[in-house]
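Chemist: Got a structure here, written out as structure tokens. Questions coming.
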Amino acid sequence: MPSNKSVSDAPITQFVNCRILKDHKLQREDLWVREGKILDPEKLFFDEQGYADECVDCEGSIIAPGFIDVQINGGYGIDFSQASEDVSSGVSFVAQKILEHGVTSFCPTLVTSPPAVYHKVLPQVKVHNGGKHGAGVLGFHLEGPFISTEKKGAHPEKFLRTFQNDGLQDVMEAYGSLDNVAMVTLAPELARSRSVVRELSQMGVTVSLGHSVANLSQAEEAVQHGASFITHLFNAMLPFHHRDPGIVGLLTSDQVPAGRTVYYGMIADGIHTNPAALRIAHRAHPSGLVLVTDAITAMGLPPGRHTLGQQVIEIQGLHAYVAGTKTLCGSIATMDMCIRHFKQASGCSVEEALEAASLHPAQLLGISNRKGNLDYGSDADLVLLDDALNVKATYILGEEVWRKGP
């Protein structure tokens with residue numbers, strides 16, 4: 001017999017014995033799901049006289065919205081910036097593996113590459129919802145090649161580009177297409193970047209500032225033209241200086257247009273950012289903090305040499321270096337590890353730590369009407385966690401896609 005006749009015959013799942021993250025607080029209430037969406041139980045009871053077909057006992061777990069990683073270069077031996085005939089199978093492999101870390105959606109990230117790589121890789125991976133097969137793809141994050149030579153980090157210098165006569169034309173020549181692109185990281189001090197920032201933003205592409213020597217006024221100007229994110233704050237930018245705070249100064253700038261938020265990525269792996277710097281950023285601008293892994297090929301692999309884009313990298317303990325140097329080139333951290341480290345290092349609440357990996361990235365990408373929260377009508381992308389914030393199970397659109405073994 002269907003659960004209710006008035007709206008839908010689809011089965012209803014009720015999650016019980018849980019604390020759900022809602023309205024910025026953990027609340028002891030049940031969570032109801034139907035057809036991949038979160039249901040309003042009042043409407044269900046009073047309008048439809050419905051009931052649950054399946055009951056999931058969460059055994060006291062926390063339920064948080066699924067985590068969203070907007071900067072991940074690969075992992076488990078896969079490098080998204082390596083142009084192969086079958087990039088999508090590599091993306092799918094990583095998508096499947098990150099489910100156990102609570103990630104339900106992500107932006108596969110390409111580091112600076114020659115145009116041929118973009119032209120080959122970008123058409124192969126379409127935006128799609130997650131499921132048993134793996135976390136959903138929200139679109140690519142293209143980090144480079146329009147970045148600063150001085151702050152290139154692990155990006156290969158010979159493939160860096162500048163904007164020539166018509167900035168957007170340069171973008172199209174480099175990337176080939178912006179279909180399936182969610183975000184572009186660029187350096188706002190590059191000549192003719194202003195029009196590029198404006199046009200990309202108008203096209204619905206999130207513009208991020210990073211790998212840059214921009215001063216504060218150049219950064220503010222980019223934000224006024226539509227930029228809304230800072231790629232891995234503190235890393236690959238000018239250090240904070242009291243007379244010109246540079247891009248870091250955006251966290252407390254009074255030149256950000258009313259109603260707009262500047263978000264910033266933090267690699268909270270205990271290596272890329274000193275805990276004191278993490279605390280300064282969080283206390284200055286808590287609502288903008290977005291946890292990113294910036295994970296590379298070697299996430300989930302043993303120590304030794306691996307590839308990242310066009311570079312050889314070396315894993316030593318928890319550090320990933322450009323081989324033969326002490327230049328960091330991404331992390332080998334997982335999202336759940338970053339959440340735990342961020343909470344411990346910043347002293348923030350459980351709610352803040354979880355929202356930095358769910359609500360904030362969804363707001364940044366403009367998808368918080370369906371992702372990043374447990375509001376009625378949102379996608380039922382869920383993570384069940386214990387009190388120490390270890391992942392116990394992951395759900396996408398109400399379907400269990402991973403569960404920790406006994």
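Just so we're on the same page: first chain in the structure tokens is A, next is B, and so on; residues restart at 1 for each chain, and ligands are numbered from 1 in the order they show up.
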Using only C-alpha atoms, which protein or nucleic acid residues come within 8 Å of Asp40 of chain A? Drop anything in the same chain fewer than 4 positions from it, and give the result as an MDAnalysis selection string.
Modeler: chainID A and resid 32 44 376:377
Chemist: Please write the residues from the selection above to a file, keeping N, CA and C atoms, as a PDB file, in the first residue's frame.
Modeler:
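What landed in result20.pdb:
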ATOM      1  N   TRP A  32      13.049  13.263   7.434  1.00  0.00           N
ATOM      2  CA  TRP A  32      12.175  12.508   6.529  1.00  0.00           C
ATOM      3  C   TRP A  32      12.609  12.766   5.082  1.00  0.00           C
ATOM      4  N   LEU A  44       3.465  16.254   5.616  1.00  0.00           N
ATOM      5  CA  LEU A  44       3.249  14.820   5.409  1.00  0.00           C
ATOM      6  C   LEU A  44       2.123  14.308   6.314  1.00  0.00           C
ATOM      7  N   TYR A 376      13.784  21.767   4.170  1.00  0.00           N
ATOM      8  CA  TYR A 376      12.754  21.038   3.435  1.00  0.00           C
ATOM      9  C   TYR A 376      12.884  21.368   1.944  1.00  0.00           C
ATOM     10  N   GLY A 377      12.847  20.333   1.114  1.00  0.00           N
ATOM     11  CA  GLY A 377      12.955  20.538  -0.329  1.00  0.00           C
ATOM     12  C   GLY A 377      14.369  20.406  -0.859  1.00  0.00           C
TER      13      GLY A 377
END
Chemist: Just list as a PDB file with N, CA, C and O atoms, in the first residue's frame whatever in segment 258-318 of chain A DSSP marks as strand (DSSP E).
Modeler:
ATOM      1  N   TYR A 263      34.013  34.514  -0.108  1.00  0.00           N
ATOM      2  CA  TYR A 263      34.358  33.241   0.522  1.00  0.00           C
ATOM      3  C   TYR A 263      35.847  32.979   0.316  1.00  0.00           C
ATOM      4  O   TYR A 263      36.463  33.553  -0.585  1.00  0.00           O
ATOM      5  N   TYR A 264      36.408  32.132   1.160  1.00  0.00           N
ATOM      6  CA  TYR A 264      37.827  31.828   0.998  1.00  0.00           C
ATOM      7  C   TYR A 264      38.083  30.373   1.349  1.00  0.00           C
ATOM      8  O   TYR A 264      37.512  29.832   2.297  1.00  0.00           O
ATOM      9  N   GLY A 265      38.929  29.732   0.546  1.00  0.00           N
ATOM     10  CA  GLY A 265      39.270  28.339   0.768  1.00  0.00           C
ATOM     11  C   GLY A 265      40.392  28.214   1.772  1.00  0.00           C
ATOM     12  O   GLY A 265      41.334  29.009   1.775  1.00  0.00           O
ATOM     13  N   MET A 266      40.285  27.227   2.657  1.00  0.00           N
ATOM     14  CA  MET A 266      41.339  26.939   3.622  1.00  0.00           C
ATOM     15  C   MET A 266      41.698  25.458   3.525  1.00  0.00           C
ATOM     16  O   MET A 266      40.805  24.598   3.588  1.00  0.00           O
ATOM     17  N   LEU A 289      34.332  31.062   5.424  1.00  0.00           N
ATOM     18  CA  LEU A 289      35.352  30.010   5.387  1.00  0.00           C
ATOM     19  C   LEU A 289      34.825  28.741   4.714  1.00  0.00           C
ATOM     20  O   LEU A 289      33.784  28.209   5.078  1.00  0.00           O
ATOM     21  N   VAL A 290      35.562  28.284   3.698  1.00  0.00           N
ATOM     22  CA  VAL A 290      35.213  27.079   2.944  1.00  0.00           C
ATOM     23  C   VAL A 290      36.382  26.102   3.059  1.00  0.00           C
ATOM     24  O   VAL A 290      37.499  26.420   2.634  1.00  0.00           O
ATOM     25  N   LEU A 291      36.148  24.956   3.639  1.00  0.00           N
ATOM     26  CA  LEU A 291      37.218  23.956   3.722  1.00  0.00           C
ATOM     27  C   LEU A 291      37.395  23.286   2.359  1.00  0.00           C
ATOM     28  O   LEU A 291      36.417  22.872   1.728  1.00  0.00           O
ATOM     29  N   GLY A 304      56.545   8.445  -1.617  1.00  0.00           N
ATOM     30  CA  GLY A 304      57.315   8.211  -2.847  1.00  0.00           C
ATOM     31  C   GLY A 304      57.000   9.263  -3.884  1.00  0.00           C
ATOM     32  O   GLY A 304      56.449  10.308  -3.559  1.00  0.00           O
ATOM     33  N   ARG A 305      57.343   8.977  -5.150  1.00  0.00           N
ATOM     34  CA  ARG A 305      57.151   9.955  -6.233  1.00  0.00           C
ATOM     35  C   ARG A 305      55.895   9.641  -7.044  1.00  0.00           C
ATOM     36  O   ARG A 305      55.633   8.490  -7.369  1.00  0.00           O
ATOM     37  N   HIS A 306      55.137  10.695  -7.366  1.00  0.00           N
ATOM     38  CA  HIS A 306      53.911  10.566  -8.152  1.00  0.00           C
ATOM     39  C   HIS A 306      53.840  11.775  -9.086  1.00  0.00           C
ATOM     40  O   HIS A 306      54.672  12.663  -9.017  1.00  0.00           O
ATOM     41  N   THR A 307      52.809  11.822  -9.953  1.00  0.00           N
ATOM     42  CA  THR A 307      52.695  12.980 -10.852  1.00  0.00           C
ATOM     43  C   THR A 307      51.552  13.890 -10.425  1.00  0.00           C
ATOM     44  O   THR A 307      50.560  13.437  -9.857  1.00  0.00           O
ATOM     45  N   LEU A 308      51.681  15.173 -10.731  1.00  0.00           N
ATOM     46  CA  LEU A 308      50.594  16.156 -10.579  1.00  0.00           C
ATOM     47  C   LEU A 308      50.660  17.031 -11.819  1.00  0.00           C
ATOM     48  O   LEU A 308      51.582  17.821 -11.972  1.00  0.00           O
ATOM     49  N   GLN A 311      54.031  17.982 -13.479  1.00  0.00           N
ATOM     50  CA  GLN A 311      55.150  17.955 -12.525  1.00  0.00           C
ATOM     51  C   GLN A 311      55.301  16.582 -11.861  1.00  0.00           C
ATOM     52  O   GLN A 311      54.339  15.823 -11.762  1.00  0.00           O
ATOM     53  N   VAL A 312      56.515  16.326 -11.370  1.00  0.00           N
ATOM     54  CA  VAL A 312      56.725  15.143 -10.515  1.00  0.00           C
ATOM     55  C   VAL A 312      56.690  15.627  -9.064  1.00  0.00           C
ATOM     56  O   VAL A 312      57.284  16.650  -8.725  1.00  0.00           O
ATOM     57  N   ILE A 313      55.977  14.903  -8.228  1.00  0.00           N
ATOM     58  CA  ILE A 313      55.858  15.310  -6.829  1.00  0.00           C
ATOM     59  C   ILE A 313      56.340  14.187  -5.918  1.00  0.00           C
ATOM     60  O   ILE A 313      56.383  13.035  -6.311  1.00  0.00           O
ATOM     61  N   GLU A 314      56.690  14.574  -4.712  1.00  0.00           N
ATOM     62  CA  GLU A 314      57.232  13.607  -3.767  1.00  0.00           C
ATOM     63  C   GLU A 314      56.485  13.692  -2.441  1.00  0.00           C
ATOM     64  O   GLU A 314      56.292  14.776  -1.905  1.00  0.00           O
ATOM     65  N   ILE A 315      56.058  12.536  -1.944  1.00  0.00           N
ATOM     66  CA  ILE A 315      55.348  12.480  -0.656  1.00  0.00           C
ATOM     67  C   ILE A 315      56.335  12.110   0.438  1.00  0.00           C
ATOM     68  O   ILE A 315      57.016  11.091   0.351  1.00  0.00           O
ATOM     69  N   GLN A 316      56.411  12.971   1.448  1.00  0.00           N
ATOM     70  CA  GLN A 316      57.220  12.684   2.638  1.00  0.00           C
ATOM     71  C   GLN A 316      56.314  12.875   3.846  1.00  0.00           C
ATOM     72  O   GLN A 316      55.961  14.003   4.177  1.00  0.00           O
TER      73      GLN A 316
END
Chemist: Looking at A:Gly75, A:Ser368, A:Leu389, A:Pro361, which one is nearest to Ser331 of chain A, with distances taken over only C-alpha atoms?
Modeler: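 When distances to Ser331 of chain A are compared using only C-alpha atoms, the smallest one comes from A:Gly75.
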Chemist: Which one is closest to His128 of chain A: A:Val91, A:Thr252, A:Ser177, A:His360? Count only C-alpha atoms.
Modeler: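 Once distances to His128 of chain A are computed over only C-alpha atoms, the minimum belongs to A:Val91.
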Chemist: Write out as number ranges by chain each polymer residue whose atoms come within 12 Å of segment 215-221 of chain A, counting only C-alpha atoms; drop sequence neighbours fewer than 3 positions from it.
Modeler: A: 186-195, 197-198, 207-210, 212, 224-230, 237-257, 262
Chemist: What is the atom CA of Gly90 of chain A to atom CA of Ser105 of chain A distance in Å?
Modeler: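 Answer for the atom CA of Gly90 of chain A to atom CA of Ser105 of chain A separation: 15.5 Å.
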Chemist: Might you pull out every residue within 7 Å of Thr13 of chain A, with only C-alpha atoms counted and same-chain residues fewer than 4 positions away left off, and present them as a PyMOL selection string?
Modeler: chain A and resi 32-34+52-55
